[in-house]
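Structure file model_11.txt (compact mmCIF, C-alpha atoms) is printed below.
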```
# COMPACT_ATOMS: atom_id res chain seq x y z
CA MET A 1 147.83 -16.39 135.39
CA LYS A 2 145.52 -16.88 138.37
CA LEU A 3 143.87 -20.13 139.43
CA GLN A 4 140.17 -20.10 140.29
CA VAL A 5 138.80 -23.24 141.91
CA ALA A 6 135.07 -23.93 141.64
CA ILE A 7 133.31 -25.58 144.58
CA ASP A 8 130.03 -27.00 143.30
CA ARG A 9 127.38 -29.69 143.90
CA VAL A 10 128.51 -30.43 147.46
CA SER A 11 126.98 -29.69 150.85
CA LEU A 12 127.44 -26.19 152.26
CA GLU A 13 129.37 -27.69 155.16
CA TYR A 14 131.82 -29.43 152.81
CA ALA A 15 132.07 -26.24 150.73
CA ALA A 16 133.00 -24.24 153.84
CA GLU A 17 135.67 -26.76 154.89
CA THR A 18 137.13 -26.90 151.38
CA ALA A 19 137.12 -23.11 150.95
CA ALA A 20 139.04 -22.73 154.22
CA LYS A 21 141.63 -25.29 153.09
CA LEU A 22 142.12 -23.67 149.66
CA ASP A 23 142.31 -20.14 151.06
CA GLY A 24 145.94 -19.03 150.84
CA ILE A 25 146.75 -21.62 148.16
CA VAL A 26 144.61 -20.62 145.18
CA ASP A 27 143.91 -17.09 143.92
CA ILE A 28 140.11 -17.19 143.63
CA VAL A 29 137.62 -19.47 145.40
CA GLU A 30 134.41 -19.89 143.39
CA PHE A 31 131.20 -20.73 145.20
CA GLY A 32 129.28 -22.51 142.44
CA THR A 33 125.73 -21.95 141.20
CA SER A 34 124.50 -25.11 142.92
CA LEU A 35 125.44 -23.67 146.34
CA VAL A 36 123.43 -20.53 145.58
CA LYS A 37 120.39 -22.43 144.31
CA ASP A 38 120.48 -25.19 146.96
CA TYR A 39 121.29 -23.08 150.05
CA GLY A 40 120.78 -19.43 149.09
CA LEU A 41 123.05 -16.40 149.43
CA LEU A 42 121.82 -15.61 152.92
CA ASN A 43 123.11 -18.95 154.20
CA MET A 44 126.44 -18.66 152.35
CA THR A 45 127.45 -15.23 153.68
CA GLN A 46 129.45 -16.44 156.68
CA THR A 47 131.45 -18.91 154.58
CA VAL A 48 132.12 -16.42 151.78
CA LYS A 49 133.23 -13.70 154.19
CA SER A 50 135.53 -16.06 156.07
CA LEU A 51 138.13 -16.10 153.26
CA LYS A 52 141.25 -14.26 154.38
CA HIS A 53 143.54 -14.47 151.33
CA ALA A 54 141.73 -15.59 148.17
CA GLN A 55 139.17 -13.53 146.29
CA ALA A 56 135.61 -14.83 146.57
CA LEU A 57 133.58 -15.34 143.38
CA ILE A 58 129.91 -16.28 143.68
CA ASP A 59 128.66 -17.87 140.45
CA ILE A 60 125.21 -16.30 140.73
CA LYS A 61 124.63 -16.47 136.92
CA THR A 62 122.40 -13.39 136.85
CA ILE A 63 120.17 -13.23 133.77
CA ASP A 64 117.62 -10.61 134.90
CA GLU A 65 116.88 -8.42 137.93
CA GLY A 66 120.54 -7.43 137.78
CA GLU A 67 120.51 -4.67 140.37
CA TYR A 68 118.71 -6.79 142.99
CA GLU A 69 120.90 -9.86 142.52
CA PHE A 70 124.22 -8.02 142.39
CA ARG A 71 123.47 -5.94 145.50
CA LYS A 72 122.58 -9.14 147.38
CA GLY A 73 125.64 -10.93 146.04
CA TYR A 74 128.12 -8.24 147.12
CA GLU A 75 126.40 -7.98 150.50
CA SER A 76 127.04 -11.73 150.83
CA GLY A 77 130.79 -11.09 150.62
CA ALA A 78 131.54 -11.69 146.94
CA ASN A 79 134.44 -9.79 145.35
CA ILE A 80 133.35 -11.04 141.93
CA LEU A 81 129.84 -11.90 140.65
CA THR A 82 128.81 -13.52 137.38
CA VAL A 83 126.24 -12.30 134.84
CA MET A 84 125.28 -14.24 131.73
CA GLY A 85 126.38 -12.82 128.38
CA GLY A 86 122.93 -13.88 127.15
CA SER A 87 121.24 -11.36 129.46
CA SER A 88 119.79 -8.18 127.99
CA VAL A 89 122.45 -5.50 127.37
CA ASP A 90 120.55 -3.38 129.91
CA THR A 91 121.04 -6.07 132.58
CA ILE A 92 124.79 -6.21 131.93
CA LYS A 93 125.14 -2.42 132.04
CA LYS A 94 123.17 -2.29 135.28
CA VAL A 95 125.25 -4.93 137.09
CA SER A 96 128.43 -3.22 135.88
CA GLN A 97 127.19 -0.04 137.54
CA VAL A 98 126.38 -1.89 140.79
CA ALA A 99 129.87 -3.45 140.73
CA GLN A 100 131.52 -0.03 140.34
CA GLU A 101 129.46 1.41 143.19
CA ALA A 102 130.42 -1.54 145.40
CA GLY A 103 134.10 -1.29 144.35
CA GLN A 104 133.94 -4.91 143.28
CA GLU A 105 134.23 -6.91 140.06
CA ILE A 106 132.02 -8.33 137.33
CA PHE A 107 132.54 -11.57 135.39
CA ILE A 108 130.54 -11.99 132.16
CA ASP A 109 129.88 -15.69 131.53
CA LEU A 110 129.94 -16.15 127.75
CA MET A 111 128.40 -19.62 127.69
CA GLU A 112 126.17 -19.83 124.57
CA THR A 113 126.82 -16.14 123.75
CA ASP A 114 127.32 -15.69 119.99
CA ASN A 115 129.77 -13.20 118.45
CA GLN A 116 127.00 -10.79 117.46
CA LYS A 117 125.83 -10.43 121.07
CA MET A 118 129.44 -10.45 122.24
CA ALA A 119 130.18 -7.40 120.07
CA GLU A 120 127.33 -5.53 121.79
CA ILE A 121 128.80 -6.14 125.24
CA ALA A 122 132.52 -5.92 124.43
CA ASN A 123 133.12 -2.56 126.11
CA ILE A 124 131.96 -3.10 129.71
CA PRO A 125 134.57 -1.31 131.84
CA ASP A 126 137.01 -3.64 133.66
CA ALA A 127 134.77 -6.70 133.16
CA ILE A 128 136.29 -10.18 133.11
CA TYR A 129 135.03 -12.06 130.02
CA GLY A 130 134.64 -15.75 130.78
CA ILE A 131 134.87 -18.25 127.92
CA HIS A 132 132.75 -21.09 129.21
CA HIS A 133 131.89 -24.44 127.72
CA SER A 134 128.53 -25.67 129.02
CA LYS A 135 128.74 -28.79 131.21
CA ASP A 136 125.72 -30.14 129.38
CA ASN A 137 127.04 -29.50 125.87
CA VAL A 138 128.12 -32.86 124.51
CA SER A 139 130.47 -31.48 121.86
CA GLY A 140 134.18 -31.20 122.58
CA PHE A 141 136.06 -28.08 123.66
CA ASP A 142 139.65 -27.01 122.92
CA ALA A 143 140.27 -24.29 125.51
CA VAL A 144 143.62 -23.11 124.09
CA ALA A 145 142.34 -22.77 120.52
CA THR A 146 139.09 -21.12 121.67
CA VAL A 147 141.00 -18.54 123.72
CA GLU A 148 143.28 -17.78 120.77
CA GLN A 149 140.30 -17.27 118.45
CA PHE A 150 138.49 -15.07 121.01
CA HIS A 151 141.62 -12.92 121.39
CA LYS A 152 141.77 -12.50 117.59
CA ASP A 153 138.07 -11.61 117.39
CA PHE A 154 138.19 -9.17 120.32
CA PRO A 155 141.79 -7.89 120.60
CA ASP A 156 140.76 -4.93 122.80
CA ILE A 157 139.48 -7.16 125.60
CA LYS A 158 142.24 -7.43 128.19
CA ARG A 159 140.60 -9.49 130.93
CA ILE A 160 139.76 -13.04 129.83
CA SER A 161 139.06 -16.20 131.83
CA VAL A 162 138.29 -19.72 130.66
CA ALA A 163 136.38 -22.68 132.11
CA GLY A 164 135.18 -26.11 131.00
CA GLY A 165 136.87 -29.40 131.82
CA ILE A 166 140.34 -27.82 132.31
CA ASN A 167 142.98 -30.40 133.28
CA LEU A 168 146.62 -29.95 134.35
CA ASP A 169 147.97 -30.11 130.81
CA THR A 170 145.48 -27.55 129.46
CA ALA A 171 146.11 -25.20 132.40
CA SER A 172 149.83 -25.37 131.76
CA ARG A 173 149.37 -24.63 128.05
CA LEU A 174 147.05 -21.69 128.83
CA ALA A 175 149.70 -20.24 131.17
CA LYS A 176 152.33 -20.49 128.41
CA GLN A 177 149.89 -18.97 125.89
CA GLY A 178 149.70 -15.86 128.11
CA ILE A 179 146.28 -14.56 127.07
CA VAL A 180 143.89 -15.35 129.92
CA GLU A 181 144.24 -13.74 133.34
CA SER A 182 142.66 -16.72 135.09
CA VAL A 183 141.74 -20.33 134.53
CA ILE A 184 138.85 -22.05 136.28
CA VAL A 185 139.17 -25.63 137.48
CA GLY A 186 136.37 -27.61 139.10
CA GLY A 187 136.41 -31.40 139.04
CA GLY A 188 140.14 -31.49 138.22
CA ILE A 189 140.77 -30.34 141.78
CA LEU A 190 137.59 -31.02 143.77
CA LYS A 191 137.27 -34.62 142.61
CA ALA A 192 140.93 -35.41 143.33
CA GLU A 193 141.62 -37.66 146.31
CA ASP A 194 143.38 -34.74 148.01
CA PRO A 195 141.99 -31.42 146.68
CA VAL A 196 144.60 -29.33 148.52
CA LYS A 197 147.45 -31.31 146.99
CA ALA A 198 145.79 -31.11 143.56
CA ALA A 199 145.41 -27.33 143.92
CA LYS A 200 149.10 -27.02 144.77
CA THR A 201 150.01 -29.12 141.72
CA PHE A 202 147.93 -26.83 139.48
CA MET A 203 149.53 -23.72 141.02
CA GLU A 204 152.99 -25.14 140.27
CA ALA A 205 152.00 -26.08 136.72
CA ILE A 206 150.87 -22.53 135.91
CA GLY A 207 153.44 -20.68 138.07
CA MET B 1 93.53 -19.11 130.21
CA LYS B 2 95.31 -19.73 133.51
CA LEU B 3 96.66 -17.12 135.90
CA GLN B 4 100.17 -17.56 137.30
CA VAL B 5 101.15 -15.22 140.12
CA ALA B 6 104.84 -14.58 140.72
CA ILE B 7 106.05 -14.11 144.30
CA ASP B 8 109.45 -12.44 144.15
CA ARG B 9 111.87 -10.21 146.06
CA VAL B 10 110.15 -10.69 149.43
CA SER B 11 111.12 -12.62 152.56
CA LEU B 12 110.54 -16.37 152.58
CA GLU B 13 108.10 -15.89 155.46
CA TYR B 14 106.03 -13.39 153.48
CA ALA B 15 106.23 -15.65 150.42
CA ALA B 16 104.86 -18.57 152.44
CA GLU B 17 101.97 -16.51 153.84
CA THR B 18 101.12 -15.11 150.40
CA ALA B 19 101.31 -18.51 148.69
CA ALA B 20 98.88 -19.95 151.27
CA LYS B 21 96.45 -17.07 150.69
CA LEU B 22 96.59 -17.39 146.88
CA ASP B 23 96.26 -21.20 146.89
CA GLY B 24 92.75 -22.04 145.71
CA ILE B 25 92.32 -18.66 143.99
CA VAL B 26 94.95 -18.64 141.24
CA ASP B 27 95.98 -21.53 138.97
CA ILE B 28 99.76 -21.45 139.38
CA VAL B 29 101.85 -20.00 142.21
CA GLU B 30 105.32 -19.02 141.04
CA PHE B 31 108.17 -18.94 143.54
CA GLY B 32 110.47 -16.36 141.94
CA THR B 33 114.18 -16.57 141.18
CA SER B 34 115.03 -14.23 144.06
CA LEU B 35 113.58 -16.74 146.56
CA VAL B 36 115.79 -19.49 145.11
CA LYS B 37 118.94 -17.36 145.09
CA ASP B 38 118.33 -15.69 148.49
CA TYR B 39 117.07 -18.70 150.46
CA GLY B 40 117.84 -21.81 148.40
CA LEU B 41 115.65 -24.70 147.29
CA LEU B 42 116.30 -26.69 150.46
CA ASN B 43 114.71 -23.96 152.57
CA MET B 44 111.75 -23.50 150.21
CA THR B 45 110.62 -27.12 150.07
CA GLN B 46 108.14 -26.97 152.93
CA THR B 47 106.43 -23.88 151.51
CA VAL B 48 106.31 -25.23 147.95
CA LYS B 49 104.90 -28.57 149.06
CA SER B 50 102.25 -26.93 151.24
CA LEU B 51 100.15 -25.85 148.21
CA LYS B 52 96.93 -27.88 148.09
CA HIS B 53 95.19 -26.55 144.97
CA ALA B 54 97.46 -24.47 142.75
CA GLN B 55 100.35 -25.83 140.73
CA ALA B 56 103.77 -24.81 142.03
CA LEU B 57 106.30 -23.29 139.60
CA ILE B 58 109.84 -22.62 140.80
CA ASP B 59 111.55 -20.05 138.59
CA ILE B 60 114.95 -21.71 138.87
CA LYS B 61 116.15 -20.25 135.51
CA THR B 62 118.45 -23.18 134.75
CA ILE B 63 121.18 -22.32 132.23
CA ASP B 64 123.56 -25.25 132.78
CA GLU B 65 123.86 -28.36 134.95
CA GLY B 66 120.33 -29.14 133.86
CA GLU B 67 120.00 -32.61 135.30
CA TYR B 68 121.27 -31.60 138.75
CA GLU B 69 119.09 -28.50 139.02
CA PHE B 70 115.90 -30.09 137.70
CA ARG B 71 116.19 -33.12 139.98
CA LYS B 72 116.67 -30.79 142.98
CA GLY B 73 113.82 -28.57 141.84
CA TYR B 74 111.27 -31.38 141.50
CA GLU B 75 112.44 -32.86 144.83
CA SER B 76 111.61 -29.44 146.31
CA GLY B 77 107.98 -29.86 145.26
CA ALA B 78 107.82 -28.01 141.95
CA ASN B 79 105.29 -29.12 139.35
CA ILE B 80 106.91 -26.83 136.80
CA LEU B 81 110.54 -25.67 136.50
CA THR B 82 112.05 -23.05 134.22
CA VAL B 83 115.03 -23.39 131.88
CA MET B 84 116.45 -20.51 129.84
CA GLY B 85 115.96 -20.64 126.06
CA GLY B 86 119.52 -19.33 125.87
CA SER B 87 120.88 -22.55 127.41
CA SER B 88 122.63 -25.06 125.19
CA VAL B 89 120.22 -27.27 123.25
CA ASP B 90 121.72 -30.20 125.17
CA THR B 91 120.73 -28.60 128.49
CA ILE B 92 117.14 -28.13 127.32
CA LYS B 93 116.89 -31.70 126.04
CA LYS B 94 118.30 -33.01 129.32
CA VAL B 95 115.86 -31.11 131.56
CA SER B 96 112.99 -32.19 129.32
CA GLN B 97 114.02 -35.79 129.95
CA VAL B 98 114.24 -35.22 133.73
CA ALA B 99 110.76 -33.62 133.63
CA GLN B 100 109.32 -36.64 131.81
CA GLU B 101 110.89 -39.05 134.30
CA ALA B 102 109.48 -37.01 137.20
CA GLY B 103 106.05 -36.78 135.51
CA GLN B 104 106.28 -33.00 135.81
CA GLU B 105 106.46 -30.00 133.50
CA ILE B 106 109.06 -27.80 131.83
CA PHE B 107 108.78 -24.08 131.08
CA ILE B 108 111.26 -22.62 128.59
CA ASP B 109 111.90 -18.95 129.39
CA LEU B 110 112.46 -17.20 126.05
CA MET B 111 113.88 -13.98 127.44
CA GLU B 112 116.57 -12.75 124.99
CA THR B 113 116.20 -15.91 122.86
CA ASP B 114 116.34 -15.01 119.16
CA ASN B 115 114.25 -16.73 116.47
CA GLN B 116 117.21 -18.74 115.16
CA LYS B 117 117.78 -20.36 118.56
CA MET B 118 114.02 -20.63 119.07
CA ALA B 119 113.74 -22.71 115.89
CA GLU B 120 116.33 -25.16 117.30
CA ILE B 121 114.28 -25.74 120.46
CA ALA B 122 110.76 -25.56 119.01
CA ASN B 123 110.01 -29.27 119.30
CA ILE B 124 110.54 -30.05 122.99
CA PRO B 125 107.65 -32.40 123.92
CA ASP B 126 104.89 -30.77 125.98
CA ALA B 127 107.09 -27.80 126.96
CA ILE B 128 105.50 -24.48 127.87
CA TYR B 129 107.18 -21.68 125.88
CA GLY B 130 107.32 -18.48 127.93
CA ILE B 131 107.50 -15.15 126.11
CA HIS B 132 109.28 -12.99 128.65
CA HIS B 133 110.27 -9.35 128.58
CA SER B 134 113.35 -8.75 130.77
CA LYS B 135 112.67 -6.58 133.84
CA ASP B 136 115.91 -4.75 133.13
CA ASN B 137 115.20 -4.10 129.44
CA VAL B 138 114.26 -0.45 129.20
CA SER B 139 112.44 -0.75 125.86
CA GLY B 140 108.65 -1.13 125.79
CA PHE B 141 106.72 -4.40 125.38
CA ASP B 142 103.36 -5.04 123.73
CA ALA B 143 102.39 -8.47 125.08
CA VAL B 144 99.35 -9.00 122.80
CA ALA B 145 101.23 -8.11 119.60
CA THR B 146 104.28 -10.16 120.63
CA VAL B 147 102.13 -13.23 121.31
CA GLU B 148 100.39 -12.84 117.93
CA GLN B 149 103.74 -12.61 116.12
CA PHE B 150 105.16 -15.62 118.01
CA HIS B 151 102.09 -17.66 117.11
CA LYS B 152 102.58 -16.73 113.43
CA ASP B 153 106.29 -17.62 113.56
CA PHE B 154 105.75 -20.92 115.39
CA PRO B 155 102.20 -22.10 114.61
CA ASP B 156 102.93 -25.66 115.78
CA ILE B 157 103.68 -24.58 119.36
CA LYS B 158 100.53 -25.15 121.40
CA ARG B 159 101.62 -24.23 124.91
CA ILE B 160 102.53 -20.55 125.28
CA SER B 161 102.79 -18.30 128.32
CA VAL B 162 103.63 -14.60 128.59
CA ALA B 163 105.18 -12.38 131.26
CA GLY B 164 106.43 -8.82 131.62
CA GLY B 165 104.52 -5.95 133.23
CA ILE B 166 101.08 -7.53 132.57
CA ASN B 167 98.24 -5.38 133.93
CA LEU B 168 94.50 -6.05 134.15
CA ASP B 169 93.73 -4.63 130.72
CA THR B 170 96.49 -6.64 129.00
CA ALA B 171 95.46 -9.83 130.81
CA SER B 172 91.89 -9.34 129.63
CA ARG B 173 92.97 -8.77 126.03
CA LEU B 174 95.23 -11.86 126.13
CA ALA B 175 92.27 -13.96 127.32
CA LYS B 176 90.13 -12.68 124.41
CA GLN B 177 93.00 -13.30 121.98
CA GLY B 178 92.93 -16.98 122.99
CA ILE B 179 96.50 -17.97 122.15
CA VAL B 180 98.37 -18.28 125.45
CA GLU B 181 97.51 -20.97 127.99
CA SER B 182 98.68 -18.83 130.91
CA VAL B 183 99.56 -15.27 131.79
CA ILE B 184 102.07 -14.36 134.49
CA VAL B 185 101.43 -11.42 136.78
CA GLY B 186 103.85 -10.20 139.44
CA GLY B 187 103.72 -6.63 140.70
CA GLY B 188 100.17 -6.13 139.36
CA ILE B 189 99.00 -8.45 142.13
CA LEU B 190 101.78 -8.60 144.73
CA LYS B 191 102.19 -4.83 144.97
CA ALA B 192 98.44 -4.22 145.29
CA GLU B 193 97.21 -3.11 148.71
CA ASP B 194 95.27 -6.38 148.97
CA PRO B 195 96.96 -9.08 146.81
CA VAL B 196 94.15 -11.61 147.36
CA LYS B 197 91.52 -9.12 146.17
CA ALA B 198 93.74 -8.18 143.21
CA ALA B 199 94.17 -11.86 142.30
CA LYS B 200 90.38 -12.34 142.35
CA THR B 201 89.94 -9.28 140.12
CA PHE B 202 92.44 -10.73 137.60
CA MET B 203 90.68 -14.13 137.68
CA GLU B 204 87.35 -12.43 136.89
CA ALA B 205 88.91 -10.34 134.10
CA ILE B 206 90.26 -13.42 132.32
CA GLY B 207 87.43 -15.80 133.24
```
Written form, structure tokens:
Amino acid sequence: MKLQVAIDRVSLEYAAETAAKLDGIVDIVEFGTSLVKDYGLLNMTQTVKSLKHAQALIDIKTIDEGEYEFRKGYESGANILTVMGGSSVDTIKKVSQVAQEAGQEIFIDLMETDNQKMAEIANIPDAIYGIHHSKDNVSGFDAVATVEQFHKDFPDIKRISVAGGINLDTASRLAKQGIVESVIVGGGILKAEDPVKAAKTFMEAIG
Amino acid sequence: MKLQVAIDRVSLEYAAETAAKLDGIVDIVEFGTSLVKDYGLLNMTQTVKSLKHAQALIDIKTIDEGEYEFRKGYESGANILTVMGGSSVDTIKKVSQVAQEAGQEIFIDLMETDNQKMAEIANIPDAIYGIHHSKDNVSGFDAVATVEQFHKDFPDIKRISVAGGINLDTASRLAKQGIVESVIVGGGILKAEDPVKAAKTFMEAIG
């Protein structure tokens, strides 16, 4: 199981420093939506392209204008870009096509996507399906149980990721469960006193 | 009925020039999602705040982290910010609260929002509900008929807007219909040889 660390709601300068420190430790560095909306892709390109070891995911959260946003996102150095499961099916098909042309990857963020819509988008080639509990949603979230249920509902989907308040214990249990290919951690690492040390602890826990 | 003109998928420099030219002619200048994602809110602030007559809408398309994004968006000079109808209900309630605290407005983008979800978010105080046909959706869209149906389904909603390939004829028919408080035009004005002249023509057609 891979570890994806989300860098979000910080200055671009701090994001660049942190990304450089985590590169070579974690598998995927995520540049969060707040970096895109605060600073813009054009100002993130140098930082994103500076990664030497980790994959770069830009959490662009595309919901429309799929071709435009995905072309810009890959040009900015992303290996993986996110599209909302709540987008039109046409948007998701279009960004999948752009990803294939670019030789890069697509991550479908399933936040607030119901099973009916999910069934319509279950067969996007090579897509990573991201189970995602909204930060704003005040109800609780059991990542391990949700992943198990998703796997039962959609047994043909091979690439699954999960995000939403993941701590060390949950990450460890997800690794043992063996269903998801990656787990996304934000505050659990970025808000630690020493994010690099925290990232190493997570890597050991899931290794 | 008010005219909102969307400036999208252009350079920030061109967006600034165009916004200045349209200020005083149209009612609402929309700074499109591509400007946010390409350049970032921090680099748009000066342009957004330079409007003297028109209201400024930033199409930030919030889907999560509502409080963070809406605070940043209003700090950047927006009078109106957009949130996706497909967000969690908690996100929509949170941004509505931030809007009230800022004394500004909220626009709920209903793209791909089904009637069941719509019913859950139908009572957000003073929100503008935006009927929005996805640019990527390849099926057709009859704006006048869709507005009429929405008004029948949700008769208590007073503030309605509509977007999606609106041309001069459709804008004129929407004005006569008398249901929506604003109509959003993008390419019909921005792709005209003379956008200022086109904007004036639209204002006359709906006046």
Tell me, counting all atoms listed in the file, for each residue of chain A within 9 Å of chain B, which pair of atoms is nearest and how far apart they are in Å to one decimal, in rows ordered by chain and increasing number, as JSON lines.
```
{"residue": "A:Arg9", "atom": "CA", "partner": "B:Tyr68", "partner_atom": "CA", "distance": 8.2}
{"residue": "A:Ser34", "atom": "CA", "partner": "B:Glu69", "partner_atom": "CA", "distance": 7.5}
{"residue": "A:Leu35", "atom": "CA", "partner": "B:Gly40", "partner_atom": "CA", "distance": 8.1}
{"residue": "A:Val36", "atom": "CA", "partner": "B:Lys37", "partner_atom": "CA", "distance": 5.5}
{"residue": "A:Lys37", "atom": "CA", "partner": "B:Gly40", "partner_atom": "CA", "distance": 4.9}
{"residue": "A:Asp38", "atom": "CA", "partner": "B:Gly40", "partner_atom": "CA", "distance": 4.5}
{"residue": "A:Tyr39", "atom": "CA", "partner": "B:Gly40", "partner_atom": "CA", "distance": 4.0}
{"residue": "A:Gly40", "atom": "CA", "partner": "B:Gly40", "partner_atom": "CA", "distance": 3.8}
{"residue": "A:Leu41", "atom": "CA", "partner": "B:Asp38", "partner_atom": "CA", "distance": 4.9}
{"residue": "A:Leu42", "atom": "CA", "partner": "B:Asp38", "partner_atom": "CA", "distance": 5.6}
{"residue": "A:Asn43", "atom": "CA", "partner": "B:Tyr39", "partner_atom": "CA", "distance": 7.1}
{"residue": "A:Ile60", "atom": "CA", "partner": "B:Lys37", "partner_atom": "CA", "distance": 7.7}
{"residue": "A:Lys61", "atom": "CA", "partner": "B:Ile63", "partner_atom": "CA", "distance": 8.3}
{"residue": "A:Ile63", "atom": "CA", "partner": "B:Lys61", "partner_atom": "CA", "distance": 8.3}
{"residue": "A:Asp64", "atom": "CA", "partner": "B:Ser134", "partner_atom": "CA", "distance": 6.2}
{"residue": "A:Glu65", "atom": "CA", "partner": "B:Asp136", "partner_atom": "CA", "distance": 6.1}
{"residue": "A:Gly66", "atom": "CA", "partner": "B:Asp136", "partner_atom": "CA", "distance": 7.1}
{"residue": "A:Glu67", "atom": "CA", "partner": "B:Asp136", "partner_atom": "CA", "distance": 8.6}
{"residue": "A:Tyr68", "atom": "CA", "partner": "B:Arg9", "partner_atom": "CA", "distance": 8.2}
{"residue": "A:Glu69", "atom": "CA", "partner": "B:Ser34", "partner_atom": "CA", "distance": 7.5}
{"residue": "A:Lys72", "atom": "CA", "partner": "B:Asp38", "partner_atom": "CA", "distance": 7.9}
{"residue": "A:Gly86", "atom": "CA", "partner": "B:Gly86", "partner_atom": "CA", "distance": 6.6}
{"residue": "A:Ser87", "atom": "CA", "partner": "B:Glu112", "partner_atom": "CA", "distance": 6.6}
{"residue": "A:Ser88", "atom": "CA", "partner": "B:Asn137", "partner_atom": "CA", "distance": 6.3}
{"residue": "A:Val89", "atom": "CA", "partner": "B:Asn137", "partner_atom": "CA", "distance": 7.7}
{"residue": "A:Asp90", "atom": "CA", "partner": "B:Asn137", "partner_atom": "CA", "distance": 5.4}
{"residue": "A:Thr91", "atom": "CA", "partner": "B:Asp136", "partner_atom": "CA", "distance": 5.3}
{"residue": "A:Lys94", "atom": "CA", "partner": "B:Asp136", "partner_atom": "CA", "distance": 8.0}
{"residue": "A:Met111", "atom": "CA", "partner": "B:Ser87", "partner_atom": "CA", "distance": 8.1}
{"residue": "A:Glu112", "atom": "CA", "partner": "B:Ser88", "partner_atom": "CA", "distance": 6.3}
{"residue": "A:Thr113", "atom": "CA", "partner": "B:Gly86", "partner_atom": "CA", "distance": 8.2}
{"residue": "A:Ser134", "atom": "CA", "partner": "B:Asp64", "partner_atom": "CA", "distance": 6.2}
{"residue": "A:Lys135", "atom": "CA", "partner": "B:Glu65", "partner_atom": "CA", "distance": 6.2}
{"residue": "A:Asp136", "atom": "CA", "partner": "B:Thr91", "partner_atom": "CA", "distance": 5.3}
{"residue": "A:Asn137", "atom": "CA", "partner": "B:Asp90", "partner_atom": "CA", "distance": 5.4}
{"residue": "A:Val138", "atom": "CA", "partner": "B:Asp90", "partner_atom": "CA", "distance": 7.0}
```
Pick out the closest residue to Lys176 in chain A from this set: A:Gly207, A:Lys197, A:Ile28, A:Gln116. Count all atoms listed in the file.
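Among A:Gly207, A:Lys197, A:Ile28, A:Gln116, it is A:Gly207 that comes nearest to Lys176 in chain A.
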Work out how far apart CA of Ala199 in chain B and CA of Val26 in chain B are and give it in Å to one decimal.
6.9 Å
CA of Thr170 in chain B and CA of Ser11 in chain B, how far apart in Å?
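CA of Ser11 in chain B sits 28.4 Å away from CA of Thr170 in chain B.
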Please measure the separation of CA of Glu148 in chain A and CA of Asp8 in chain A, giving the value in Å to one decimal.
27.7 Å
So that I can check the surroundings of Gln177 in chain A, please list as a PyMOL selection string every protein, DNA and RNA residue that reaches within 9 Å of it, counting only C-alpha atoms and ignoring chain neighbours fewer than 3 positions away.
chain A and resi 144+148+172-174+180
Take the residues from that selection and write them out as a PDB file, in the frame of the given file, keeping C-alpha atoms.
```pdb
ATOM      1  CA  VAL A 144     143.620 -23.110 124.090  1.00  0.00           C
ATOM      2  CA  GLU A 148     143.280 -17.780 120.770  1.00  0.00           C
ATOM      3  CA  SER A 172     149.830 -25.370 131.760  1.00  0.00           C
ATOM      4  CA  ARG A 173     149.370 -24.630 128.050  1.00  0.00           C
ATOM      5  CA  LEU A 174     147.050 -21.690 128.830  1.00  0.00           C
ATOM      6  CA  VAL A 180     143.890 -15.350 129.920  1.00  0.00           C
TER       7      VAL A 180
END
```
Selection: 12 Å around Asn115 in chain B, all atoms listed in the file, excl. self and same-chain fewer than 3 positions, as a tab-separated table (two decimals) with C-alpha atoms, in the frame of the given file:
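Contents of the output file result-v6.tsv:
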```tsv
chain	number	residue	atom	x	y	z
B	85	GLY	CA	115.96	-20.64	126.06
B	86	GLY	CA	119.52	-19.33	125.87
B	110	LEU	CA	112.46	-17.20	126.05
B	111	MET	CA	113.88	-13.98	127.44
B	112	GLU	CA	116.57	-12.75	124.99
B	118	MET	CA	114.02	-20.63	119.07
B	119	ALA	CA	113.74	-22.71	115.89
B	120	GLU	CA	116.33	-25.16	117.30
B	121	ILE	CA	114.28	-25.74	120.46
B	122	ALA	CA	110.76	-25.56	119.01
B	131	ILE	CA	107.50	-15.15	126.11
B	149	GLN	CA	103.74	-12.61	116.12
B	150	PHE	CA	105.16	-15.62	118.01
B	153	ASP	CA	106.29	-17.62	113.56
B	154	PHE	CA	105.75	-20.92	115.39
```
Can you tell me, as a list in words, what residues are no more than 10 Å from Thr18 in chain B when counting all atoms listed in the file, ignoring any on the same chain fewer than 5 positions away?
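After dropping sequence-adjacent residues, the list is Ile7, Leu12, Glu13, Asp23, Val29, Leu190, Pro195 and Val196 of chain B.
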Return the single residue from B:Ile124, B:Gln4, B:Asn79, B:Arg71 that is closest to Ile166 in chain B, with distances computed using all atoms listed in the file.
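Comparing B:Ile124, B:Gln4, B:Asn79, B:Arg71 against Ile166 in chain B, the winner is B:Gln4.
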As JSON, numbers by chain, please: the residues near Met1 in chain A (cut-off 8 Å, all atoms listed in the file, same-chain neighbours under 4 positions excluded).
{"A": [175, 178, 180, 181, 182, 183, 206, 207]}
May I have the residues within 8 Å of Gly188 in chain A as a ChimeraX atom specification, using all atoms listed in the file and disregarding those fewer than 6 positions away in the same chain?
/A:165-168,198
Edge lengths and centre in Å to one decimal, as AutoDock Vina command-line options, is what I'm after for the box along x, y and z that holds all listed atoms of range 166-169 of chain A once 6 Å is added on each side.
```
--center_x 144.2 --center_y -29.1 --center_z 132.6 --size_x 19.6 --size_y 14.6 --size_z 15.5
```
Point out the residue among A:Asp126, A:Asp114, A:Glu17, A:Asp194 with the least atom-to-atom distance to Leu51 in chain A, counting only C-alpha atoms.
A:Glu17
